[in-house]
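*Asks:* query.cif is the file, holding mmCIF, C-alpha atoms and all ligand atoms:
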data_model
loop_
_atom_site.label_atom_id
_atom_site.label_comp_id
_atom_site.auth_asym_id
_atom_site.auth_seq_id
_atom_site.Cartn_x
_atom_site.Cartn_y
_atom_site.Cartn_z
CA MET A 185 83.38 152.10 79.58
CA ALA A 186 84.47 150.16 76.55
CA LYS A 187 84.74 146.39 76.80
CA SER A 188 88.22 144.90 76.41
CA ILE A 189 89.20 142.35 73.78
CA LYS A 190 89.93 140.09 76.77
CA ASP A 191 86.23 140.04 77.71
CA LEU A 192 85.23 138.19 74.53
CA ASP A 193 85.52 134.68 73.16
CA LEU A 194 87.43 135.08 69.90
CA HIS A 195 87.82 131.40 69.05
CA GLY A 196 87.05 130.72 65.40
CA LYS A 197 85.83 134.31 64.92
CA ARG A 198 86.80 136.73 62.19
CA VAL A 199 88.24 139.61 64.18
CA PHE A 200 88.52 142.95 62.39
CA ILE A 201 91.11 145.09 64.18
CA ARG A 202 91.29 148.81 63.38
CA VAL A 203 94.98 149.57 63.95
CA ASP A 204 97.00 152.74 63.53
CA PHE A 205 99.65 151.72 61.00
CA ASN A 206 100.06 155.27 59.75
CA VAL A 207 103.86 154.88 59.69
CA PRO A 208 106.37 157.42 58.36
CA LEU A 209 107.54 156.47 54.86
CA ALA A 210 110.49 157.31 52.60
CA SER A 211 111.66 156.27 49.12
CA GLY A 212 108.28 156.81 47.45
CA GLY A 213 106.42 154.76 50.05
CA GLN A 214 108.77 151.77 49.86
CA GLU A 215 110.69 152.28 53.09
CA ILE A 216 109.23 152.44 56.61
CA THR A 217 111.39 154.81 58.66
CA SER A 218 109.84 153.83 62.02
CA ASP A 219 107.90 150.65 62.78
CA LYS A 220 106.88 151.88 66.23
CA ARG A 221 103.17 152.06 65.38
CA ILE A 222 103.20 148.53 63.99
CA ARG A 223 104.95 147.22 67.10
CA ALA A 224 102.44 149.02 69.34
CA SER A 225 99.57 146.81 68.13
CA LEU A 226 101.50 143.51 68.06
CA PRO A 227 100.23 142.43 71.51
CA THR A 228 96.60 142.80 70.38
CA ILE A 229 97.19 140.96 67.08
CA GLN A 230 99.14 138.20 68.80
CA TYR A 231 96.46 137.89 71.47
CA ALA A 232 93.71 137.46 68.86
CA LEU A 233 95.77 134.84 67.01
CA ASP A 234 96.54 132.97 70.25
CA GLN A 235 92.80 132.85 70.98
CA GLY A 236 92.19 131.09 67.66
CA ALA A 237 90.85 134.07 65.69
CA ALA A 238 91.16 134.86 62.00
CA VAL A 239 92.59 138.38 61.91
CA ILE A 240 91.71 141.23 59.53
CA LEU A 241 93.69 144.44 60.00
CA ALA A 242 92.71 147.85 58.68
CA SER A 243 94.39 151.25 58.85
CA HIS A 244 94.81 154.51 57.02
CA LEU A 245 98.24 155.56 55.77
CA GLY A 246 99.11 159.15 54.86
CA ARG A 247 96.73 161.45 53.05
CA PRO A 248 95.85 159.89 49.69
CA LYS A 249 92.77 162.16 49.46
CA GLY A 250 90.26 159.42 48.62
CA LYS A 251 92.17 157.94 45.67
CA PRO A 252 94.43 154.89 45.32
CA ASN A 253 98.07 155.95 45.42
CA PRO A 254 100.86 153.35 45.18
CA GLU A 255 103.10 155.57 47.33
CA MET A 256 100.70 155.07 50.24
CA SER A 257 100.00 151.37 49.79
CA MET A 258 99.93 149.10 52.84
CA LYS A 259 102.17 146.53 51.07
CA PRO A 260 105.44 147.53 52.79
CA VAL A 261 103.56 147.59 56.10
CA GLY A 262 102.35 144.03 55.44
CA ALA A 263 105.94 142.89 54.79
CA LYS A 264 107.17 144.56 57.98
CA LEU A 265 104.31 143.08 60.01
CA ALA A 266 105.03 139.58 58.67
CA GLU A 267 108.63 139.97 59.79
CA LEU A 268 107.62 141.16 63.26
CA LEU A 269 104.92 138.51 63.74
CA GLY A 270 107.01 135.72 62.26
CA ARG A 271 104.13 134.53 60.10
CA PRO A 272 102.78 135.34 56.62
CA VAL A 273 100.58 138.41 56.17
CA LYS A 274 98.48 138.76 53.01
CA VAL A 275 97.78 142.29 51.79
CA ALA A 276 94.41 142.74 50.05
CA PRO A 277 94.22 144.87 46.89
CA ASP A 278 91.42 146.96 48.43
CA CYS A 279 89.62 147.27 51.77
CA ILE A 280 86.10 146.34 50.64
CA GLY A 281 84.50 144.40 47.77
CA ARG A 282 84.37 140.94 46.23
CA GLU A 283 88.11 140.49 45.80
CA VAL A 284 88.65 141.14 49.50
CA GLU A 285 85.74 138.90 50.50
CA ALA A 286 87.33 136.09 48.47
CA MET A 287 90.56 136.45 50.49
CA LEU A 288 89.10 136.34 54.00
CA PRO A 289 91.50 134.67 56.47
CA LYS A 290 91.01 131.40 58.34
CA PRO A 291 91.81 131.06 62.06
CA GLY A 292 95.52 131.69 62.57
CA GLN A 293 95.82 133.73 59.36
CA VAL A 294 96.26 137.48 58.96
CA LEU A 295 94.86 139.66 56.18
CA LEU A 296 95.87 143.32 56.01
CA LEU A 297 93.41 145.47 54.07
CA GLU A 298 94.62 148.15 51.66
CA ASN A 299 94.68 151.79 52.84
CA LEU A 300 91.20 152.78 54.07
CA ARG A 301 91.66 156.34 52.82
CA PHE A 302 91.88 155.20 49.20
CA HIS A 303 88.08 155.57 49.51
CA PRO A 304 86.72 159.08 50.25
CA GLU A 305 83.87 157.36 52.13
CA GLU A 306 86.26 156.48 54.98
CA GLU A 307 86.81 160.07 56.13
CA ALA A 308 83.20 160.99 55.22
CA ASN A 309 82.04 158.28 57.66
CA ASP A 310 79.75 156.97 54.91
CA PRO A 311 77.15 154.42 56.12
CA GLY A 312 77.31 152.31 52.93
CA PHE A 313 81.09 152.00 53.16
CA SER A 314 80.81 151.33 56.91
CA LYS A 315 78.39 148.45 56.15
CA HIS A 316 80.81 146.95 53.61
CA LEU A 317 83.62 147.03 56.17
CA ALA A 318 81.38 145.60 58.89
CA LYS A 319 80.41 142.70 56.62
CA LEU A 320 83.99 141.40 56.90
CA ALA A 321 83.85 141.10 60.70
CA ASP A 322 82.34 138.87 63.39
CA VAL A 323 83.98 141.03 66.02
CA TYR A 324 85.29 144.58 65.59
CA VAL A 325 88.21 145.69 67.78
CA ASN A 326 89.56 149.22 67.95
CA ASP A 327 93.26 149.42 68.77
CA ALA A 328 93.89 152.69 66.93
CA PHE A 329 94.11 155.21 69.75
CA GLY A 330 96.00 157.56 67.42
CA SER A 331 92.89 157.79 65.20
CA ALA A 332 90.28 157.84 67.97
CA HIS A 333 89.78 161.62 67.67
CA ARG A 334 88.45 161.13 64.13
CA ALA A 335 84.85 160.11 63.45
CA HIS A 336 85.51 158.04 60.34
CA ALA A 337 83.85 154.90 58.95
CA SER A 338 86.47 152.55 60.43
CA THR A 339 86.64 154.28 63.83
CA VAL A 340 82.96 155.12 64.37
CA GLY A 341 80.59 154.37 61.45
CA MET A 342 81.02 150.61 61.17
CA ILE A 343 80.49 150.01 64.89
CA GLN A 344 76.70 150.24 64.57
CA PHE A 345 76.79 147.36 62.06
CA VAL A 346 78.86 144.89 64.12
CA PRO A 347 77.62 142.79 67.04
CA GLN A 348 80.53 143.54 69.36
CA ALA A 349 83.15 146.29 69.57
CA PRO A 350 85.75 146.02 72.36
CA ALA A 351 88.99 147.98 72.78
CA GLY A 352 92.29 146.34 71.85
CA LEU A 353 95.14 146.03 74.34
CA LEU A 354 96.89 149.23 73.18
CA MET A 355 93.66 151.24 73.26
CA ASP A 356 93.00 149.80 76.73
CA GLN A 357 96.42 150.92 78.00
CA GLU A 358 96.00 154.41 76.58
CA LEU A 359 92.57 154.84 78.17
CA LYS A 360 93.77 153.38 81.45
CA TYR A 361 96.75 155.71 81.92
CA LEU A 362 95.34 158.87 80.36
CA GLY A 363 92.15 158.22 82.32
CA MET A 364 94.03 157.61 85.57
CA ALA A 365 96.08 160.81 85.17
CA THR A 366 93.14 163.05 84.33
CA LYS A 367 90.17 161.52 86.14
CA HIS A 368 91.46 160.18 89.46
CA PRO A 369 95.11 161.11 89.80
CA GLU A 370 97.11 160.44 92.91
CA ARG A 371 98.09 163.85 94.33
CA PRO A 372 100.02 166.04 94.08
CA CYS A 373 99.28 165.90 90.37
CA ILE A 374 101.24 168.24 88.14
CA ALA A 375 101.42 168.98 84.44
CA LEU A 376 104.42 170.06 82.45
CA LEU A 377 103.36 171.92 79.32
CA GLY A 378 105.68 173.23 76.66
CA GLY A 379 105.99 173.54 72.93
CA ALA A 380 105.66 176.30 70.43
CA LYS A 381 102.24 177.83 70.79
CA VAL A 382 99.65 178.72 73.39
CA SER A 383 97.06 178.62 70.61
CA ASP A 384 97.61 174.87 70.03
CA LYS A 385 97.03 174.07 73.67
CA ILE A 386 94.42 176.49 75.02
CA GLU A 387 91.89 173.74 75.71
CA VAL A 388 94.59 171.56 77.28
CA ILE A 389 95.65 174.39 79.60
CA GLU A 390 92.05 175.17 80.56
CA ASN A 391 91.17 171.55 81.23
CA LEU A 392 94.40 170.58 83.01
CA ALA A 393 94.18 173.65 85.24
CA LYS A 394 90.94 172.16 86.61
CA ILE A 395 92.63 168.84 87.33
CA VAL A 396 96.22 169.43 88.41
CA ASP A 397 97.70 171.04 91.52
CA ARG A 398 100.46 172.85 89.58
CA LEU A 399 100.84 173.62 85.88
CA LEU A 400 104.49 174.21 84.93
CA ILE A 401 104.87 176.08 81.66
CA GLY A 402 107.95 176.06 79.44
CA GLY A 403 108.83 176.29 75.76
CA ALA A 404 107.99 179.26 73.58
CA MET A 405 104.50 179.17 75.06
CA ALA A 406 105.92 180.62 78.27
CA TYR A 407 106.82 183.96 76.63
CA THR A 408 103.23 184.78 75.72
CA PHE A 409 102.45 184.30 79.42
CA LEU A 410 105.45 186.43 80.49
CA LYS A 411 104.28 189.19 78.17
CA ALA A 412 100.83 188.91 79.74
CA GLU A 413 102.49 189.54 83.11
CA GLY A 414 104.09 192.68 81.68
CA LEU A 415 107.61 191.18 81.62
CA PRO A 416 110.12 191.78 78.78
CA THR A 417 110.27 189.03 76.14
CA GLY A 418 112.81 190.51 73.66
CA LYS A 419 112.72 188.70 70.36
CA SER A 420 111.28 185.47 71.80
CA LEU A 421 108.36 183.80 70.06
CA VAL A 422 105.25 185.55 71.40
CA GLU A 423 101.72 185.13 70.09
CA GLU A 424 100.60 188.74 70.32
CA ASP A 425 96.98 187.84 69.68
CA LYS A 426 96.99 185.42 72.62
CA VAL A 427 98.40 187.78 75.23
CA GLU A 428 94.91 188.80 76.41
CA LEU A 429 93.91 185.15 76.69
CA ALA A 430 97.07 184.41 78.67
CA LYS A 431 96.13 187.31 81.01
CA LYS A 432 92.70 185.78 81.49
CA LEU A 433 94.14 182.31 82.19
CA LEU A 434 96.60 183.76 84.71
CA ALA A 435 93.80 185.69 86.41
CA GLU A 436 91.57 182.60 86.62
CA MET A 437 94.18 180.04 87.54
CA GLY A 438 96.50 182.26 89.53
CA PRO A 439 99.08 180.43 91.58
CA LYS A 440 98.50 177.07 89.89
CA ILE A 441 100.41 178.30 86.84
CA VAL A 442 104.19 178.37 87.28
CA LEU A 443 106.30 180.32 84.78
CA PRO A 444 110.06 180.20 84.17
CA SER A 445 112.10 182.61 86.29
CA ASP A 446 115.25 182.55 84.14
CA HIS A 447 116.00 181.92 80.49
CA VAL A 448 118.73 180.82 78.12
CA VAL A 449 118.89 183.54 75.48
CA ALA A 450 120.72 183.91 72.16
CA SER A 451 120.90 186.40 69.29
CA GLU A 452 120.42 183.73 66.64
CA PHE A 453 118.02 180.79 66.22
CA LYS A 454 120.80 178.29 65.53
CA ALA A 455 122.29 175.15 67.07
CA GLY A 456 125.35 176.05 69.14
CA ALA A 457 124.55 179.80 69.01
CA GLU A 458 126.34 181.90 71.57
CA HIS A 459 124.09 182.07 74.65
CA GLU A 460 123.76 183.21 78.23
CA THR A 461 121.33 182.68 81.10
CA VAL A 462 119.40 185.74 82.23
CA LYS A 463 116.54 186.68 84.55
CA GLU A 464 115.28 189.39 82.25
CA ILE A 465 115.21 188.82 78.49
CA PRO A 466 117.18 191.62 76.72
CA ALA A 467 115.39 193.47 73.90
CA ASP A 468 117.71 192.12 71.19
CA LYS A 469 117.72 188.46 72.28
CA MET A 470 115.38 185.49 72.09
CA ALA A 471 114.80 182.91 74.81
CA LEU A 472 115.36 179.38 73.54
CA ASP A 473 115.30 177.34 76.75
CA ILE A 474 114.45 177.54 80.45
CA GLY A 475 117.37 178.56 82.68
CA GLU A 476 119.23 176.75 85.45
CA LYS A 477 117.15 178.19 88.29
CA THR A 478 113.90 177.25 86.54
CA ILE A 479 115.19 173.71 85.98
CA GLU A 480 115.88 173.49 89.70
CA GLU A 481 112.48 174.91 90.68
CA TYR A 482 110.57 172.69 88.26
CA ALA A 483 112.62 169.61 89.22
CA ASN A 484 111.76 170.23 92.87
CA ILE A 485 108.04 170.34 92.13
CA ILE A 486 108.40 167.22 89.95
CA LYS A 487 110.18 165.42 92.80
CA GLY A 488 107.23 165.91 95.12
CA ALA A 489 104.59 164.84 92.57
CA LYS A 490 102.68 161.54 92.55
CA THR A 491 101.21 162.02 89.06
CA ILE A 492 102.87 163.88 86.16
CA ILE A 493 101.33 164.73 82.81
CA TRP A 494 103.80 166.03 80.22
CA ASN A 495 103.23 167.51 76.81
CA GLY A 496 105.71 169.59 74.81
CA PRO A 497 109.43 170.45 75.15
CA MET A 498 110.75 173.17 77.48
CA GLY A 499 112.93 174.73 74.79
CA VAL A 500 114.21 174.26 71.26
CA PHE A 501 115.32 170.74 72.12
CA GLU A 502 116.25 169.89 68.52
CA MET A 503 119.15 172.39 68.73
CA PRO A 504 121.77 171.75 71.42
CA PRO A 505 122.56 173.31 73.82
CA PHE A 506 118.93 174.49 73.98
CA ASP A 507 117.83 170.92 74.79
CA ARG A 508 119.22 171.18 78.30
CA GLY A 509 116.04 172.14 80.14
CA THR A 510 113.95 169.48 78.40
CA VAL A 511 116.51 166.74 78.99
CA ALA A 512 117.03 167.71 82.64
CA LEU A 513 113.30 167.66 83.33
CA ALA A 514 112.86 164.38 81.44
CA LYS A 515 115.40 162.90 83.86
CA ALA A 516 113.64 164.50 86.82
CA VAL A 517 110.31 162.99 85.70
CA ALA A 518 111.94 159.57 85.21
CA ASP A 519 113.54 159.67 88.69
CA SER A 520 110.45 160.98 90.48
CA GLY A 521 108.79 157.60 91.02
CA ALA A 522 105.47 159.25 90.10
CA VAL A 523 102.99 157.86 87.59
CA SER A 524 104.15 159.69 84.47
CA VAL A 525 102.09 160.03 81.32
CA VAL A 526 103.76 161.64 78.32
CA GLY A 527 101.92 162.82 75.22
CA GLY A 528 103.18 161.74 71.82
CA GLY A 529 105.19 163.71 69.26
CA ASP A 530 107.96 166.01 70.44
CA SER A 531 107.63 165.10 74.12
CA GLU A 532 108.28 161.50 73.20
CA LYS A 533 111.36 162.46 71.16
CA ALA A 534 112.57 164.49 74.12
CA ILE A 535 112.36 161.61 76.63
CA LYS A 536 114.03 159.38 74.07
CA SER A 537 116.93 161.76 73.62
CA ALA A 538 117.23 161.93 77.42
CA GLY A 539 117.44 158.12 77.39
CA VAL A 540 114.66 157.66 79.95
CA THR A 541 111.77 156.18 77.92
CA SER A 542 111.75 152.94 79.92
CA LYS A 543 111.29 154.85 83.19
CA ILE A 544 108.14 156.63 82.00
CA THR A 545 104.90 154.91 83.04
CA HIS A 546 103.08 155.54 79.77
CA VAL A 547 104.09 157.21 76.53
CA SER A 548 101.01 157.84 74.45
CA THR A 549 101.05 156.69 70.84
CA GLY A 550 98.52 159.34 69.79
CA GLY A 551 99.71 162.94 69.36
CA GLY A 552 96.45 164.62 68.32
CA ALA A 553 94.28 162.09 70.15
CA SER A 554 96.17 162.47 73.43
CA LEU A 555 95.99 166.28 73.20
CA GLU A 556 92.22 166.06 72.69
CA PHE A 557 91.96 163.62 75.58
CA LEU A 558 93.91 166.04 77.81
CA SER A 559 91.54 168.80 76.67
CA GLY A 560 88.71 166.83 78.22
CA ILE A 561 87.08 166.15 74.86
CA GLU A 562 85.35 162.79 74.53
CA LEU A 563 87.07 161.05 71.59
CA PRO A 564 84.44 159.84 69.06
CA GLY A 565 86.27 156.53 68.52
CA VAL A 566 86.23 155.86 72.27
CA ALA A 567 82.64 157.03 72.78
CA ALA A 568 81.49 154.67 69.99
CA LEU A 569 83.05 151.68 71.80
CA ALA A 570 81.60 152.70 75.16
CA ASN A 571 78.10 153.09 73.71
CA LYS A 572 78.13 149.67 72.07
P1 LIG A 601 104.72 171.52 69.99
O1 LIG A 601 104.60 170.76 68.71
O2 LIG A 601 103.67 172.56 70.19
O3 LIG A 601 104.91 170.62 71.19
O4 LIG A 601 106.04 172.40 69.84
C1 LIG A 601 107.29 171.82 69.73
C2 LIG A 601 108.22 172.82 69.13
O5 LIG A 601 108.32 173.95 69.99
C3 LIG A 601 109.61 172.27 68.96
O6 LIG A 601 109.92 172.24 67.60
C4 LIG A 601 110.48 173.28 69.71
O7 LIG A 601 111.68 173.60 69.02
C5 LIG A 601 109.59 174.50 69.78
N1 LIG A 601 110.01 175.39 70.88
C6 LIG A 601 110.12 175.07 72.17
N2 LIG A 601 110.61 176.11 72.87
C7 LIG A 601 110.85 177.11 72.00
C8 LIG A 601 111.37 178.42 72.11
N3 LIG A 601 111.76 178.92 73.29
N4 LIG A 601 111.46 179.17 70.99
C9 LIG A 601 111.07 178.68 69.79
N5 LIG A 601 110.58 177.44 69.61
C10 LIG A 601 110.46 176.66 70.72
#
Re-express the file's structure as C-alpha cells.
*Replies:*
Amino acid sequence: MAKSIKDLDLHGKRVFIRVDFNVPLASGGQEITSDKRIRASLPTIQYALDQGAAVILASHLGRPKGKPNPEMSMKPVGAKLAELLGRPVKVAPDCIGREVEAMLPKPGQVLLLENLRFHPEEEANDPGFSKHLAKLADVYVNDAFGSAHRAHASTVGMIQFVPQAPAGLLMDQELKYLGMATKHPERPCIALLGGAKVSDKIEVIENLAKIVDRLLIGGAMAYTFLKAEGLPTGKSLVEEDKVELAKKLLAEMGPKIVLPSDHVVASEFKAGAEHETVKEIPADKMALDIGEKTIEEYANIIKGAKTIIWNGPMGVFEMPPFDRGTVALAKAVADSGAVSVVGGGDSEKAIKSAGVTSKITHVSTGGGASLEFLSGIELPGVAALANK
C-alpha cells in the first residue's frame, strides 16, 4: 500500500507533486475549456501549503511529441491555478535545468513546471531525466491518478531517486473507492457496462465477471453479445470479429451476464430520429438505446445492490431521445443508496446530464487509468508508490 501525503511531515520541505493538469484547451492553447482536473488536485496542493511546504507542480499537457510547443504550454494552467488557489503561481520556462533550479519556491510558494512532455525523455522513462526531476524534490507526491497507467519518468522513473513517495489526496481517494469496489465490495455487487465496443473492454468484462454478482450490459456492446446468442441485431453496431469471444464469455460467465430484453430502434443514426421500442431488432433498423422493459429490469437489480461499478453509456446518450436509458439508470444508481463508483469519460458526462453527480459516491478522474484498474491490471504509477 502506498503511504499517504498525510503520513509525512512536510514542514519546510520542497514537495514535488505530480498532478494531472492535462486539461482540454481551445484557442491555440490559450483557453482552458474545463478546469475540472486542476480543481481535483486543489485539496492536495492546499494541504501541502498549509503544512508549510514549498510546492513544485508537474504535469503533461496534450501530445507535444517531445518538443516545446507554445500551444501546449502550462502558462494558462498556471494562471487558472493562481485564480483557484488565490495566491501567485510562477510558471517555469522548462521542467528541468539551471533556470528552473534558480526559481525553486520557498515555503508557501508554488512553482508550476513547464509541460513534462516537451522532453521525449519523459515518456521514455529516461533515468537521466528522472534524476534531474528528482533533484528538485525533498518529497515526491503522486496525485495524478489519470496518468498512473503510464510508466513515465514523472510517474515511475523519478521515484527511485527520491527519499519518500506518498500518494496525494486525490490519488488516495481513487485507490480507496476503486479498491473498495473491486477488492472487498459489499454485496450484492453489480457492474453496469456500456459504450461502443466489446473490444475496448474485454479485460474489464473478464475481470469484473470474477468480482461482481451481476454484470449488466448495455450500449452498442450489447449487440455483439445478442448476436453471439443467435438473436437478430439488424443494422446495430456489431463487432463481427468479437462474436466468438462474446460466445465464450457468455459460456463461461453464464447467468452473471444480463443482456437487454428490448431496444429502442431507428432507421437513421440521428438526434430525434423516428424510433420505436421492440423486443426483436428488425433487419433494417439499428438499436440506439435500451428499451423500457430493460430499464425496469436493470433498475430493479440496481435497487437491490450494495456496490455498483459503472462504465459506459447504455445508448447513444449524446443524441436525445436515445439518452433515455442512460439517464434513467443514472438516476437509479443515484437513488440506490449503494456505494457507486463511476469511471471517467462518457459515464461521467452521462451522470452529469442526468443531474445526479453529487449523489454518486466516487466519480473517477482517470478514464484510461480507471479502465485498467477495473481490468485488474496493477497500474505502474501506483505500484511504484507501494514499492517505495
Ligand atoms: P465508450 O467510449 O466505449 O464508453 O463508448 C461511448 C460511446 O458509445 C458513446 O459515444 C455512445 O454514443 C456510443 N454508443 C452507446 N450505445 C450505442 C449504440 N447503441 N449504438 C452506437 N453507439 C453507441
*Asks:* Need the shell around range 289-292 of chain A: protein/DNA/RNA residues with any atom at most 12 Å away, counting all atoms listed in the file. Skip same-chain ones fewer than 6 positions apart. Format as a PyMOL selection string?
*Replies:* chain A and resi 194-200+229-241+269+271-276+320-321
*Asks:* Using all atoms listed in the file, find each protein or nucleic acid residue lying at most 10 Å from ligand LIG 601 (chain A); present the set as an MDAnalysis selection string.
*Replies:* chainID A and resid 377:385 402:407 419:422 447:449 453 470:474 495:503 506:507 509:510 527:532 534 551
*Asks:* Residues proximal to (100.9, 178.1, 87.5) were defined as those with any atom within 9 Å of that point in the file's coordinates, counting only C-alpha atoms. Which are they, as a ChimeraX atom specification?
*Replies:* /A:393,397-401,434,437-443
*Asks:* Could those selected residues go to a file with C-alpha atoms, as a tab-separated table (two decimals), in the frame of the given file?
*Replies:*
chain	number	residue	atom	x	y	z
A	393	ALA	CA	94.18	173.65	85.24
A	397	ASP	CA	97.70	171.04	91.52
A	398	ARG	CA	100.46	172.85	89.58
A	399	LEU	CA	100.84	173.62	85.88
A	400	LEU	CA	104.49	174.21	84.93
A	401	ILE	CA	104.87	176.08	81.66
A	434	LEU	CA	96.60	183.76	84.71
A	437	MET	CA	94.18	180.04	87.54
A	438	GLY	CA	96.50	182.26	89.53
A	439	PRO	CA	99.08	180.43	91.58
A	440	LYS	CA	98.50	177.07	89.89
A	441	ILE	CA	100.41	178.30	86.84
A	442	VAL	CA	104.19	178.37	87.28
A	443	LEU	CA	106.30	180.32	84.78
*Asks:* Please produce, as JSON lines, a per-residue contact table for range 314-339 of chain A versus range 205-210 of chain A (criterion: any atom at most 12 Å away, all atoms listed in the file considered), showing the nearest atom pair and its distance in Å to one decimal, sorted by chain then residue number.
*Replies:*
{"residue": "A:Asp327", "atom": "CA", "partner": "A:Phe205", "partner_atom": "CA", "distance": 10.3}
{"residue": "A:Ala328", "atom": "CA", "partner": "A:Phe205", "partner_atom": "CA", "distance": 8.3}
{"residue": "A:Phe329", "atom": "CA", "partner": "A:Phe205", "partner_atom": "CA", "distance": 10.9}
{"residue": "A:Gly330", "atom": "CA", "partner": "A:Asn206", "partner_atom": "CA", "distance": 9.0}
{"residue": "A:Ser331", "atom": "CA", "partner": "A:Asn206", "partner_atom": "CA", "distance": 9.4}
*Asks:* Name all residues at most 12 Å from Leu359 in chain A (count only C-alpha atoms; drop same-chain ones fewer than 4 positions away) and give them as an MDAnalysis selection string.
*Replies:* chainID A and resid 185:188 327:330 332 351:355 363:367 525 546:550 553:554 557:558 562:563 565:567 569:570
*Asks:* Using all atoms listed in the file, which of the listed residues (A:Pro416, A:Gly539, A:Pro369, A:Pro504) sits closest to Ala489 in chain A?
*Replies:*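 Of all the options, A:Pro369 lies closest to Ala489 in chain A.
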*Asks:* Quick one: of A:Gly262, A:Lys533, A:Thr408, A:Val396, who's nearest to Arg371 in chain A, counting all atoms listed in the file?
*Replies:* A:Val396
*Asks:* Check the smallest atom-to-atom distance from each of A:Ser243, A:Ser559, A:Gln293, A:Asn253 to Ala337 in chain A using only C-alpha atoms, then report the winner.
*Replies:* A:Ser243
*Asks:* Using CA of Arg282 in chain A and CA of Asp204 in chain A as the two end points, give the distance in Å to one decimal.
*Replies:*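 Distance between the two atoms: 24.5 Å.
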*Asks:* Mind listing as a PyMOL selection string all residues within 12 Å of (108.7, 153.0, 56.0), counting all atoms listed in the file?
*Replies:* chain A and resi 205-222+245-246+255-265
*Asks:* Fewer than 4 positions away in the same chain doesn't count, so skip those; otherwise give me all residues within 12 Å of Thr545 in chain A, counting all atoms listed in the file, as a ChimeraX atom specification.
*Replies:* /A:357-358,360-362,364-365,490-494,517-527,535,540-541
*Asks:* Show me, as a list in words, the residues that have an atom within 7 Å of Pro564 in chain A when counting only C-alpha atoms, minus same-chain residues fewer than 4 positions from it.
*Replies:*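 Near Pro564 in chain A, the qualifying residues are Ala332, His333, Arg334, Ala335, Val340 and Ala568 of chain A.
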*Asks:* Write the selection just made, keeping C-alpha atoms, as an mmCIF file, in the coordinates of the input?
*Replies:*
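result_34.cif written:
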data_model
loop_
_atom_site.group_PDB
_atom_site.id
_atom_site.type_symbol
_atom_site.label_atom_id
_atom_site.label_comp_id
_atom_site.auth_asym_id
_atom_site.auth_seq_id
_atom_site.Cartn_x
_atom_site.Cartn_y
_atom_site.Cartn_z
ATOM 1 C CA ALA A 332 90.280 157.840 67.970
ATOM 2 C CA HIS A 333 89.780 161.620 67.670
ATOM 3 C CA ARG A 334 88.450 161.130 64.130
ATOM 4 C CA ALA A 335 84.850 160.110 63.450
ATOM 5 C CA VAL A 340 82.960 155.120 64.370
ATOM 6 C CA ALA A 568 81.490 154.670 69.990
#
*Asks:* Give me, as an NGL selection string, all polymer residues having an atom no more than 8 Å from range 344-348 of chain A, counting all atoms listed in the file and skipping those fewer than 3 positions away in the same chain.
*Replies:* :A and (314-315 or 318-319 or 321-324 or 340-341 or 572)
*Asks:* Using all atoms listed in the file, can you tell me which of A:Leu410, A:Val388, A:Ala224, A:Ile544 comes closest to Glu464 in chain A?
*Replies:*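 The shortest atom-to-atom distance to Glu464 in chain A comes from A:Leu410.
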*Asks:* What is the distance between CA of Leu297 in chain A and CA of Asp191 in chain A, in Å to one decimal?
*Replies:*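 If I compute the distance from CA of Leu297 in chain A to CA of Asp191 in chain A, I get 25.3 Å.
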*Asks:* Let me make sure I understand: among A:Pro466, A:Ala266, A:Ile395, A:His368, which one has the smallest atom-to-atom distance to Arg223 in chain A if we use only C-alpha atoms?
*Replies:*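 Once distances to Arg223 in chain A are computed over only C-alpha atoms, the minimum belongs to A:Ala266.
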*Asks:* Take the structure in the block and write a file for range 375-383 of chain A, N, CA, C and O atoms, as a PDB file, in the first residue's frame.
*Replies:*
ATOM      1  N   ALA A 375     -22.096  -4.614 -11.775  1.00  0.00           N
ATOM      2  CA  ALA A 375     -21.440  -3.673 -12.686  1.00  0.00           C
ATOM      3  C   ALA A 375     -22.371  -3.372 -13.842  1.00  0.00           C
ATOM      4  O   ALA A 375     -23.146  -4.237 -14.274  1.00  0.00           O
ATOM      5  N   LEU A 376     -22.305  -2.139 -14.284  1.00  0.00           N
ATOM      6  CA  LEU A 376     -23.101  -1.669 -15.400  1.00  0.00           C
ATOM      7  C   LEU A 376     -22.086  -1.276 -16.466  1.00  0.00           C
ATOM      8  O   LEU A 376     -21.307  -0.346 -16.263  1.00  0.00           O
ATOM      9  N   LEU A 377     -22.075  -2.045 -17.559  1.00  0.00           N
ATOM     10  CA  LEU A 377     -21.063  -1.773 -18.586  1.00  0.00           C
ATOM     11  C   LEU A 377     -21.731  -1.439 -19.901  1.00  0.00           C
ATOM     12  O   LEU A 377     -22.607  -2.167 -20.358  1.00  0.00           O
ATOM     13  N   GLY A 378     -21.315  -0.324 -20.479  1.00  0.00           N
ATOM     14  CA  GLY A 378     -21.877   0.059 -21.771  1.00  0.00           C
ATOM     15  C   GLY A 378     -20.792   0.635 -22.642  1.00  0.00           C
ATOM     16  O   GLY A 378     -19.607   0.398 -22.421  1.00  0.00           O
ATOM     17  N   GLY A 379     -21.218   1.416 -23.633  1.00  0.00           N
ATOM     18  CA  GLY A 379     -20.235   2.024 -24.524  1.00  0.00           C
ATOM     19  C   GLY A 379     -20.247   1.357 -25.877  1.00  0.00           C
ATOM     20  O   GLY A 379     -21.083   0.494 -26.158  1.00  0.00           O
ATOM     21  N   ALA A 380     -19.291   1.766 -26.693  1.00  0.00           N
ATOM     22  CA  ALA A 380     -19.341   1.397 -28.098  1.00  0.00           C
ATOM     23  C   ALA A 380     -18.884  -0.029 -28.374  1.00  0.00           C
ATOM     24  O   ALA A 380     -19.525  -0.759 -29.116  1.00  0.00           O
ATOM     25  N   LYS A 381     -17.764  -0.421 -27.780  1.00  0.00           N
ATOM     26  CA  LYS A 381     -17.140  -1.649 -28.265  1.00  0.00           C
ATOM     27  C   LYS A 381     -16.814  -2.668 -27.191  1.00  0.00           C
ATOM     28  O   LYS A 381     -16.301  -2.320 -26.134  1.00  0.00           O
ATOM     29  N   VAL A 382     -17.059  -3.934 -27.515  1.00  0.00           N
ATOM     30  CA  VAL A 382     -16.628  -5.024 -26.643  1.00  0.00           C
ATOM     31  C   VAL A 382     -15.093  -5.028 -26.600  1.00  0.00           C
ATOM     32  O   VAL A 382     -14.489  -5.216 -25.546  1.00  0.00           O
ATOM     33  N   SER A 383     -14.494  -4.766 -27.773  1.00  0.00           N
ATOM     34  CA  SER A 383     -13.031  -4.891 -27.875  1.00  0.00           C
ATOM     35  C   SER A 383     -12.285  -3.954 -26.927  1.00  0.00           C
ATOM     36  O   SER A 383     -11.198  -4.280 -26.466  1.00  0.00           O
TER      37      SER A 383
END
